[in-house]
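These notes concern the structure reproduced below.
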Amino acid sequence: GNWFPPPHPECCFMAALDAATLKCLAARFFTAETAEGYLWLLKKIVSAHGIPEALCQQTQKAVQKQGRRWTLHEQLRGALDPSHPERAMALLGITQCLVKKRHAWNAIRNLQLLLQDEVPAACLTCIPEGNVFLEHQFIYDYNLRFAFSDQGLKKVWRAIPAGMSLDRICSFCYDAAVDARNRVRVQDVEIKIPAGPDRISYAMAHVEVRRFLNGTWHVYFNDREIAAHAPSYRDIVHELVNQHWRFKMDPQKMYWLQKIYANLGNLDEHHRT
C-alpha cells in the first residue's frame with residue numbers, strides 16, 4: 001500500500017503477532033510481499049522467542065507457490081515443490097494455517113490502522129526510516145498498550161536445537177549440480193568449488209546452494225559447507241534499499257534506488273535464459 005508520501009512507490013508492511021497475547025513479535029516494511037519477507041519474519045521470531053507450534057498467515061500468497069506451471073518432476077510426484085518459507089517451516093517442525101479466529105483478525109487490523117496514523121505523525125518518508133521506527137519505537141509502544149500478559153498460559157515455544165543454523169534454514173534453497181569445471185551456477189551467480197579435504201573435485205556432484213538473507217551464497221555437499229560467495233550486484237542494491245538507513249537518503253534518491261532494484265529482476269531473468 002501507500003505507506004509513505006510520494007514519490008515513494010507502494011510497499012508492503014508485514015508483521016507477526018502472538019495469537020495468545022496479541023504481542024507484536026516482529027514487524028518490517030518490504031518493497032513487496034515476497035518469500036524473503038516471510039523468511040525474515042520467521043528468523044526474527046525463532047531467534048528471539050524460540051520455535052512456535054504453528055504459524056497462521058493472513059494470506060498465503062508468498063508462502064505457497066501459485067500461478068505457475070507444474071514441472072514434469074512435480075507432475076510425476078503429484079505435488080508442488082515446497083516454497084522457500086514452506087521448506088524452512090518444515091525443517092523447524094512448524095505447522096502452517098490461515099488465520100480464522102476473529103480476535104486475531106481484529107488485532108491485525110488494529111495494528112495496521114494504528115501504524116497508518118503513526119507513519120505521517122513521525123514524518124517517515126521511506127522504508128529504511130520506517131523500519132528503524134518499527135524496531136526502536138512502534139513495536140514497544142504497541143505491546144505496552146495492547147498486548148496481554150502471558151501469566152498462566154501454557155508455553156508452546158520450543159528451544160532451538162543445539163547446532164541448528166537459522167541462517168541456513170531461513171534462506172533461499174536451490175538444488176544444483178556442479179559442472180565439469182567445478183563451478184555451480186544459480187541465477188546470476190557462478191560459484192567456484194575449491195578442492196576439499198576428502199576429494200579434489202566435485203564435478204557432476206549434486207549440491208545444495210543457499211542464499212542467506214544477508215545476500216551471501218553458500219554451497220553444501222553431504223550437509224557440509226564446501227564453498228561460499230559474496231552477494232550479487234542485485235543483493236547489494238537490495239541491501240541499500242532495505243538496510244542502509246544511515247545514509248539518510250532523500251526520498252527522491254531512495255525512489256530511484258528502489259526502481260533500479262526492481263529492474264534488476266529483469267536482468268537476473270535475462271542471465272538465467
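Each chain in the C-alpha cells gets a letter, A, B and so on, in the order shown; residues start at 1 in every chain, and ligands are counted from 1 in the order they appear.
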
(message) Give me, as a list in words, all polymer residues having an atom no more than 7 Å from Val178 (chain A), counting only C-alpha atoms and skipping those fewer than 2 positions away in the same chain.
(response) Ala176, Ala180, Asn182, Arg183, Val184, Tyr202, Ala203, Met204, Ala205 and His206 of chain A

I'd like the neighbourhood of region 28-44 of chain A as a compact mmCIF listing (two decimals) with N, CA, C and O atoms, in the first residue's frame, where a residue qualifies if any of its atoms comes within 7 Å (using only C-alpha atoms), though same-chain residues fewer than 4 positions away should be ignored.
```
# COMPACT_ATOMS: atom_id res chain seq x y z
N CYS A 11 4.62 -0.07 -1.06
CA CYS A 11 5.43 -1.08 -0.40
C CYS A 11 4.52 -1.95 0.46
O CYS A 11 3.30 -1.75 0.50
N CYS A 12 5.09 -2.90 1.16
CA CYS A 12 4.33 -3.87 1.92
C CYS A 12 4.76 -3.86 3.38
O CYS A 12 5.96 -3.82 3.68
N PHE A 13 3.78 -3.89 4.28
CA PHE A 13 4.05 -4.00 5.71
C PHE A 13 3.73 -5.42 6.15
O PHE A 13 2.64 -5.94 5.89
N MET A 14 4.68 -6.07 6.81
CA MET A 14 4.50 -7.44 7.27
C MET A 14 4.81 -7.50 8.77
O MET A 14 5.77 -6.89 9.22
N ALA A 15 3.99 -8.23 9.51
CA ALA A 15 4.17 -8.31 10.95
C ALA A 15 3.74 -9.68 11.45
O ALA A 15 3.00 -10.41 10.77
N ALA A 48 14.39 -14.84 18.52
CA ALA A 48 14.05 -14.05 19.71
C ALA A 48 13.19 -14.82 20.71
O ALA A 48 13.30 -14.59 21.92
N ALA A 62 2.58 -15.43 -0.59
CA ALA A 62 4.01 -15.60 -0.81
C ALA A 62 4.55 -16.87 -0.19
O ALA A 62 5.65 -17.28 -0.48
N VAL A 63 3.76 -17.51 0.69
CA VAL A 63 4.24 -18.73 1.33
C VAL A 63 4.10 -19.92 0.40
O VAL A 63 4.99 -20.76 0.28
N HIS A 84 10.23 -21.63 -0.47
CA HIS A 84 11.32 -21.43 0.49
C HIS A 84 10.79 -21.29 1.92
O HIS A 84 11.33 -21.94 2.84
N PRO A 85 9.73 -20.50 2.18
CA PRO A 85 9.19 -20.45 3.55
C PRO A 85 8.62 -21.79 4.01
O PRO A 85 8.79 -22.17 5.17
N ILE A 127 11.26 3.41 3.36
CA ILE A 127 11.30 2.12 4.03
C ILE A 127 12.37 2.06 5.12
O ILE A 127 12.07 1.61 6.24
N GLY A 130 11.18 3.87 8.10
CA GLY A 130 10.05 3.16 8.69
C GLY A 130 10.49 1.96 9.51
O GLY A 130 9.95 1.69 10.58
N ASN A 131 11.49 1.21 9.02
CA ASN A 131 11.96 0.04 9.74
C ASN A 131 12.67 0.41 11.04
O ASN A 131 12.56 -0.31 12.04
N LEU A 134 9.87 1.19 13.46
CA LEU A 134 9.23 -0.03 13.95
C LEU A 134 10.08 -0.71 15.01
O LEU A 134 9.59 -1.11 16.07
N LEU A 166 20.08 -21.09 12.00
CA LEU A 166 18.92 -20.37 11.49
C LEU A 166 19.25 -19.65 10.19
O LEU A 166 18.38 -19.49 9.33
N CYS A 170 16.56 -20.45 7.36
CA CYS A 170 15.74 -19.32 6.90
C CYS A 170 16.45 -18.62 5.74
O CYS A 170 16.88 -17.47 5.85
N SER A 171 16.58 -19.34 4.65
CA SER A 171 17.28 -18.81 3.48
C SER A 171 16.65 -19.41 2.23
O SER A 171 15.78 -20.28 2.30
```

(request) Can you work out the spacing between CA of Asp18 (chain A) and CA of Arg87 (chain A) in Å, to one decimal? (result) 21.8 Å

(message) Please compute the CA of Ser165 (chain A)-CA of His229 (chain A) distance, one decimal, in Å.
(response) 17.9 Å

(message) Ranking A:Ala227, A:Ile200, A:Cys24, A:Cys173 by minimum distance to Pro82 (chain A) and counting only C-alpha atoms, which one comes first?
(response) A:Cys173

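Backbone DSSP over region 188-217 of chain A gives strand (DSSP E) for Val189, Glu190, Ile191, Lys192, His206, Val207, Glu208, Val209, Arg210, Arg211 and Trp217 of chain A.
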
(request) Can you work out the spacing between CA of Thr216 (chain A) and CA of Ala195 (chain A) in Å, to one decimal? (result)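 Between CA of Thr216 (chain A) and CA of Ala195 (chain A) the gap works out to 20.2 Å.
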
(request) Go through A:Gly215, A:Pro128, A:Gly196, A:Pro52 and flag the residue nearest Val156 (chain A), using only C-alpha atoms for the distances. (result) A:Pro52

(message) Taking the DSSP secondary structure from the backbone, can you list the residues of region 37-240 of chain A that are helix (DSSP H, G or I), as a VMD selection string?
(response) chain A and resid 37 to 49 72 to 77 84 to 92 102 to 121 127 to 146 166 to 169 233 to 240

(request) Excluding region 109-116 of chain A and residues on its chain fewer than 6 positions from it, collect all residues at most 12 Å away from it, counting only C-alpha atoms, and give them as a VMD selection string. (result) chain A and resid 1 to 5 12 to 17 22 to 24 26 to 29 58 102 to 103 122 to 124 130 to 131 133 to 134 137 to 139 141 to 143 145 to 147
